[in-house]
Amino acid sequence: MKILAIDTSCDETSVAITEGTRILSNKISSQIEFHKKWGGVVPSIARTMHQENIEYVVKEALRGAKTELEDLDAVAVTQGPGLAIALEVGIRKAKEISVQIGKPLIAINHMEGHIYSTLAQNKSGNPKITYEFPLLALLVSGGHTELVLMKDHGNYKIIGRTLDDAVGEAYDKVARMLELGYPGGPIIEKLAKEGNQDAFPFPIPMMKTRSCDFSYSGLKTSVLYLTQKVLTEGLTKTEKKKIIIDVAASFQKSAIESLVRKTQIALEDLGEEFEIKDIILAGGVSANLALRKEFRKVFAENYRLHYPTNKKLYGDNAAMIGVAAYHHLEKDDFTQPIDLERLPNLSL
Amino acid sequence: MQNMLKVVKTSDTSAEEIINQASQVLISGGLVIFPTETVYGIGALATEQKAIDKLLSYKTRREGKPLSIAVDSIQMAEEYVEVNDTARNLYENFLPGPITVVSKGKHKVANGVESESGTLGVRIPDYELVRDIVKKIGKPMTATSANASYKKKPYTIDDILNNLSDKQKNLIDLIIDAGTLPKREPSTVVDTTGGGETVLRQGDVRLTKVRETLTESGEQTQELGRELIQKYKHYLGYKSVVLALEGELGAGKTEFTKGVARELGIKEPVLSPTFIVEKEYRIETTEGSYAGEKKPMLYHLDTWRMTEVEPEFEALGLLDRVSEGHVFSIEWADRATEFLEKISDTAIIVWIKIEHTDKENERKITISDFTKK
């Protein structure tokens with residue numbers, strides 16, 4: 001059962017062909033060598049860019065999977081959450097293909113896609129992964145930070161989420177304060193490795209409450225105050241660099257600590273009712289090795305940890321949408337093209 | 001008697017034809033009922049005594065209440081009133097629009113138009129047809145509301161006619177029928193004769209000056225956002241309100257917007273739009289002219305991640321949406337000045353600057369909703 005999946009939730013125009021949980025192709029606009037006509041990838045977030053891309057990315061995905069439109073069994077598309085005007089482009093294309101080939105349409109929640117990125121396999125069907133329900137998923141990205149209880153395929157309950165900024169956004173903003181450019185996640189992670197994480201004791205967000213919610217706005221502001229205080233004029237280059245890597249390390253410690261502690265609280269609370277054995281860590285920020293290391297250290301003994309199964313599955317991509325759609329396909333959970341609308345604020 | 005009334009409908013008559021008919025009636029001293037961006041008004045040539053007398057017998061029981069006049073430009077206004085700095089500021093920033101600016105009159109209008117103390121209210125309606133009629137006759141006409149005094153605010157021709165005696169109906173020479181007008185308050189009346197502005201009647205436009213507030217917590221910043229949008233809720237569906245937020249990282253721009261959302265009845269959590277660039281929320285308040293029909297939205301935007309703001313805003317289709325009467329909260333708006341300049345005539349732009357002070361949780365918030373930036 002082959003699915004063509006589309007994700008245009010934010011920056012990336014992505015199209016994938018999947019079969020069951022196997023990925024046959026997974027094309028992401030920023031990673032494609034574009035035809036010369038476009039002169040490379042123009043950094044643009046809004047609709048026009050998706051519109052210019054979509055046709056080409058669909059072709060690339062089909063070509064990469066050596067698949068014809070006629071071979072498909074269904075079309076899946078991200079319905080939300082995301083940027084309204086970007087979502088529209090993917091949805092329109094998905095409807096068009098679904099009608100053209102007379103195959104059903106499946107609407108997918110982007111966050112559900114992130115969860116299924118941990119179940120995705122390569123062409124030959126590796127790795128072989130199974131979940132045991134109920135499980136706990138921590139989804140961390142530039143736009144989201146949420147803890148989700150998953151009782152079964154398609155059965156989700158959000159038990160904690162950020163009240164302001166997402167953790168990935170905090171990374172980006174701290175990077176900007178330290179004049180490290182955008183996106184900030186990878187560079188902070190890299191610098192933090194060399195820094196002293198106890199140099200500046202930043203508060204661990206939301207520790208006064210036992211709720212499973214997150215907040216990164218206050219941490220961001222603390223880092224701002226500190227950098228203004230310590231990054232003064234007249235520092236030597238070496239002194240400045242030392243401070244920057246120490247701030248990066250101290251910030252990262254605090255950010256990760258809050259993710260770990262909130263996950264612990266969620267497990268404790270849920271433990272009264274459920275026996276949880278599996279934890280999923282997915283979304284762009286799950287690529288952070290320090291975060292995974294900490295997760296392994298704290299949870300690996302008692303839980304099975306699942307991460308996205310390859311590099312291209314951390315950030316936004318369509319393959320995860322296709323894998324998620326497979327479980328809907330099995331249940332004949334389809335949407336009529338006429339009923340499918342973008343839902344920019346969709347929640348699990 | 002009603003069948004004798006001369007009615008032209010804007011739906012089936014050309015603007016040119018309406019302007020011609022109306023100006024002929026006005027020049028010959030007649031009374032014209034016309035639509036505006038607020039309520040239906042009744043016009044008489046302000047410089048013609050016979051016309052004003054006719055109007056005063058139509059508007060019963062006024063006892064010395066002054067009339068106001070409609071002009072097509074600040075230049076025409078200056079022929080009839082003294083435009084001081086305060087008044088000029090209002091003309092330049094708010095007109096055309098639902099504001100009547102009261103100034104010292106130059107006694108160039110018929111008796112009974114200026115107040116007993118010699119002041120005169122002037123309006124430039126945000127309604128092209130009306131301005132074109134005034135332009136055609138080259139002189140101001142009265143812009144008082146078309147109801148007989150103390151009766152229902154007139155949003156339809158029936159609202160007017162159902163409350164008139166036959167004698168009053170006979171005084172009307174022409175009715176320009178534009179159907180049901182959106183239910184907006186009559187214009188805000190502002191007296192500028194004392195140098196500052198004194199609001200005599202509060203309509204949809206609220207006047208405030210640049211003001212600074214210190215907040216000591218995120219909650220207080222939210223509260224300020226809530227209070228601010230409360231004053232502008234009447235514009236929903238009619239004119240877009242753009243909250244242009246400036247402030248460093250961590251200043252509290254999203255906090256401010258959270259307060260705005262709460263006042264607009266939005267229950268969903270308002271989270272930072274930085275990554276997603278734009279978030280949208282359906283406004284769940286019943287206030288505003290078209291609320292419920294046009295489905296006004298809160299659009300929460302953030303330019304932080306954009307390499308170039310102008311083309312992104314264009315691609316997001318913001319220009320079209322601004323004409324529909326929504327609320328826009330734009331973080332890092334100082335990067336979008338080109339766009340804001342473009343919409344400054346169609347939308348109400350309020351600048352909100354949030355600054356850190358020496359105290360850690362304290363913020364200085366400067367709101368400028370009186371002058372354009």
# chains A, B, ... in the order shown; residues from 1 in each chain; ligands from 1
>>> interface_residues(of="chain B", to="chain A", cutoff="8 Å", atoms="only C-alpha atoms", output="number ranges by chain")
B: 249-251, 254, 269-280, 306-307, 312, 315-316, 360
>>> residues_around(residues="Glu227 of chain B", least_positions_apart="4", cutoff="12 Å", atoms="only C-alpha atoms", output="list in words")
Gln220, Thr221, Gln222, Glu223, Lys231, Tyr232, Lys233, Phe256, Thr257, Lys258, Gly259, Val260, Ala261, Arg262, Glu263, Leu264 and Ile367 of chain B
>>> select_by_dssp(residues="segment 213-286 of chain A", states="alpha helix (DSSP H)", output="PyMOL selection string")
chain A and resi 217-230+237-271
>>> residues_around(residues="Val32 of chain B", least_positions_apart="2", cutoff="8 Å", atoms="only C-alpha atoms", output="compact mmCIF listing (two decimals) with N, CA and C atoms, in the first residue's frame")
# COMPACT_ATOMS: atom_id res chain seq x y z
N ALA B 22 -27.81 65.20 -6.13
CA ALA B 22 -27.67 65.73 -4.77
C ALA B 22 -27.17 67.16 -4.78
N VAL B 25 -29.94 69.59 -5.74
CA VAL B 25 -30.89 69.80 -4.64
C VAL B 25 -30.28 70.73 -3.59
N LEU B 26 -29.03 70.46 -3.23
CA LEU B 26 -28.38 71.25 -2.18
C LEU B 26 -28.22 72.71 -2.60
N GLY B 30 -32.26 72.69 -0.90
CA GLY B 30 -33.03 71.53 -0.45
C GLY B 30 -32.29 70.69 0.59
N PHE B 34 -28.24 61.38 3.37
CA PHE B 34 -27.12 60.68 2.74
C PHE B 34 -26.47 59.69 3.71
N ILE B 42 -28.21 64.22 7.43
CA ILE B 42 -29.07 65.06 6.60
C ILE B 42 -28.29 66.32 6.25
N GLY B 43 -28.26 66.63 4.95
CA GLY B 43 -27.42 67.72 4.48
C GLY B 43 -28.24 68.88 3.95
N ALA B 44 -27.76 70.09 4.30
CA ALA B 44 -28.28 71.33 3.72
C ALA B 44 -27.07 72.20 3.47
N ILE B 172 -38.05 66.75 3.09
CA ILE B 172 -36.91 66.04 2.48
C ILE B 172 -37.03 66.10 0.96
N ASP B 173 -35.94 66.50 0.30
CA ASP B 173 -36.00 66.62 -1.16
C ASP B 173 -35.37 65.44 -1.87
N LEU B 174 -34.43 64.79 -1.21
CA LEU B 174 -33.78 63.65 -1.86
C LEU B 174 -33.24 62.70 -0.78
N ILE B 175 -33.42 61.40 -1.03
CA ILE B 175 -32.86 60.40 -0.13
C ILE B 175 -31.88 59.53 -0.91
N ILE B 176 -30.66 59.45 -0.43
CA ILE B 176 -29.69 58.54 -1.05
C ILE B 176 -29.68 57.28 -0.19
>>> atom_distance(atom1="atom CA of Ala94 of chain A", atom2="atom CA of Leu318 of chain B")
25.0 Å
>>> residues_around(residues="Val323 of chain A", least_positions_apart="2", cutoff="10 Å", atoms="only C-alpha atoms", output="ChimeraX atom specification")
/A:3,5,16-23,76,112-121,318-321,325-329
>>> write_last_selection(atoms="N, CA and C atoms", output="CSV table (one decimal), in the first residue's frame")
chain,number,residue,atom,x,y,z
A,3,ILE,N,1.8,5.2,-0.2
A,3,ILE,CA,1.2,6.5,0.1
A,3,ILE,C,2.1,7.6,-0.4
A,5,ALA,N,2.8,11.4,0.5
A,5,ALA,CA,2.6,12.2,1.7
A,5,ALA,C,3.2,13.6,1.4
A,16,ALA,N,6.9,12.8,0.3
A,16,ALA,CA,7.5,11.5,0.5
A,16,ALA,C,6.6,10.4,-0.1
A,17,ILE,N,7.2,9.3,-0.5
A,17,ILE,CA,6.5,8.1,-0.8
A,17,ILE,C,6.8,7.0,0.2
A,18,THR,N,5.8,6.5,0.9
A,18,THR,CA,6.0,5.5,1.9
A,18,THR,C,5.2,4.3,1.6
A,19,GLU,N,5.6,3.2,2.1
A,19,GLU,CA,4.8,1.9,2.0
A,19,GLU,C,4.8,1.2,3.3
A,20,GLY,N,3.7,1.2,4.0
A,20,GLY,CA,3.7,0.8,5.4
A,20,GLY,C,4.5,1.7,6.2
A,21,THR,N,5.4,1.2,7.0
A,21,THR,CA,6.3,2.1,7.7
A,21,THR,C,7.6,2.3,7.0
A,22,ARG,N,7.7,1.8,5.8
A,22,ARG,CA,9.0,2.0,5.0
A,22,ARG,C,9.0,3.2,4.2
A,23,ILE,N,10.1,3.9,4.1
A,23,ILE,CA,10.2,5.2,3.4
A,23,ILE,C,10.9,4.8,2.0
A,76,ALA,N,-1.6,11.4,1.5
A,76,ALA,CA,-1.7,12.0,2.9
A,76,ALA,C,-1.2,13.4,2.9
A,112,GLU,N,1.5,14.3,15.1
A,112,GLU,CA,1.4,12.9,15.1
A,112,GLU,C,2.5,12.3,14.2
A,113,GLY,N,2.8,13.1,13.1
A,113,GLY,CA,3.9,12.7,12.2
A,113,GLY,C,5.2,12.6,13.0
A,114,HIS,N,5.4,13.6,13.8
A,114,HIS,CA,6.7,13.6,14.6
A,114,HIS,C,6.8,12.3,15.4
A,115,ILE,N,5.7,11.9,16.0
A,115,ILE,CA,5.7,10.7,16.8
A,115,ILE,C,6.1,9.5,15.9
A,116,TYR,N,5.5,9.4,14.8
A,116,TYR,CA,5.7,8.3,13.9
A,116,TYR,C,7.1,8.3,13.2
A,117,SER,N,7.8,9.4,13.3
A,117,SER,CA,9.2,9.5,12.8
A,117,SER,C,10.0,8.4,13.5
A,118,THR,N,9.6,8.0,14.6
A,118,THR,CA,10.4,7.0,15.4
A,118,THR,C,10.1,5.6,15.0
A,119,LEU,N,9.1,5.4,14.1
A,119,LEU,CA,8.7,4.1,13.7
A,119,LEU,C,9.1,3.9,12.2
A,120,ALA,N,9.6,4.9,11.6
A,120,ALA,CA,9.9,4.8,10.2
A,120,ALA,C,11.1,3.9,9.9
A,121,GLN,N,11.0,3.2,8.8
A,121,GLN,CA,12.0,2.3,8.4
A,121,GLN,C,12.6,2.7,7.0
A,318,ALA,N,8.0,14.9,5.1
A,318,ALA,CA,6.7,14.3,4.7
A,318,ALA,C,6.7,12.8,5.0
A,319,ALA,N,7.9,12.2,5.1
A,319,ALA,CA,7.9,10.7,5.3
A,319,ALA,C,7.2,10.3,6.6
A,320,MET,N,7.4,11.1,7.7
A,320,MET,CA,6.8,10.9,8.9
A,320,MET,C,5.2,11.0,8.8
A,321,ILE,N,4.8,11.9,7.9
A,321,ILE,CA,3.4,12.0,7.7
A,321,ILE,C,2.8,10.7,7.0
A,325,ALA,N,0.2,8.1,8.4
A,325,ALA,CA,-1.0,7.9,7.6
A,325,ALA,C,-1.3,6.4,7.4
A,326,TYR,N,-0.3,5.6,7.4
A,326,TYR,CA,-0.4,4.2,7.2
A,326,TYR,C,-1.4,3.6,8.2
A,327,HIS,N,-1.3,4.1,9.5
A,327,HIS,CA,-2.2,3.6,10.5
A,327,HIS,C,-3.7,4.1,10.3
A,328,HIS,N,-3.8,5.2,9.6
A,328,HIS,CA,-5.2,5.6,9.3
A,328,HIS,C,-5.7,4.8,8.1
A,329,LEU,N,-4.8,4.6,7.2
A,329,LEU,CA,-5.2,3.8,6.0
A,329,LEU,C,-5.7,2.4,6.4
>>> residues_around(residues="Ala74 of chain A", least_positions_apart="2", cutoff="7 Å", atoms="only C-alpha atoms", output="VMD selection string")
chain A and resid 2 to 4 72 76 103 to 105
>>> select_by_dssp(residues="segment 133-332 of chain B", states="strand (DSSP E)", output="ChimeraX atom specification")
/B:141-142,144-145,174-177,188-191,198-201,211-215,241-247,278-282,297-302,327-331
>>> atom_distance(atom1="atom CA of Trp332 of chain B", atom2="atom CA of Leu245 of chain B")
5.9 Å
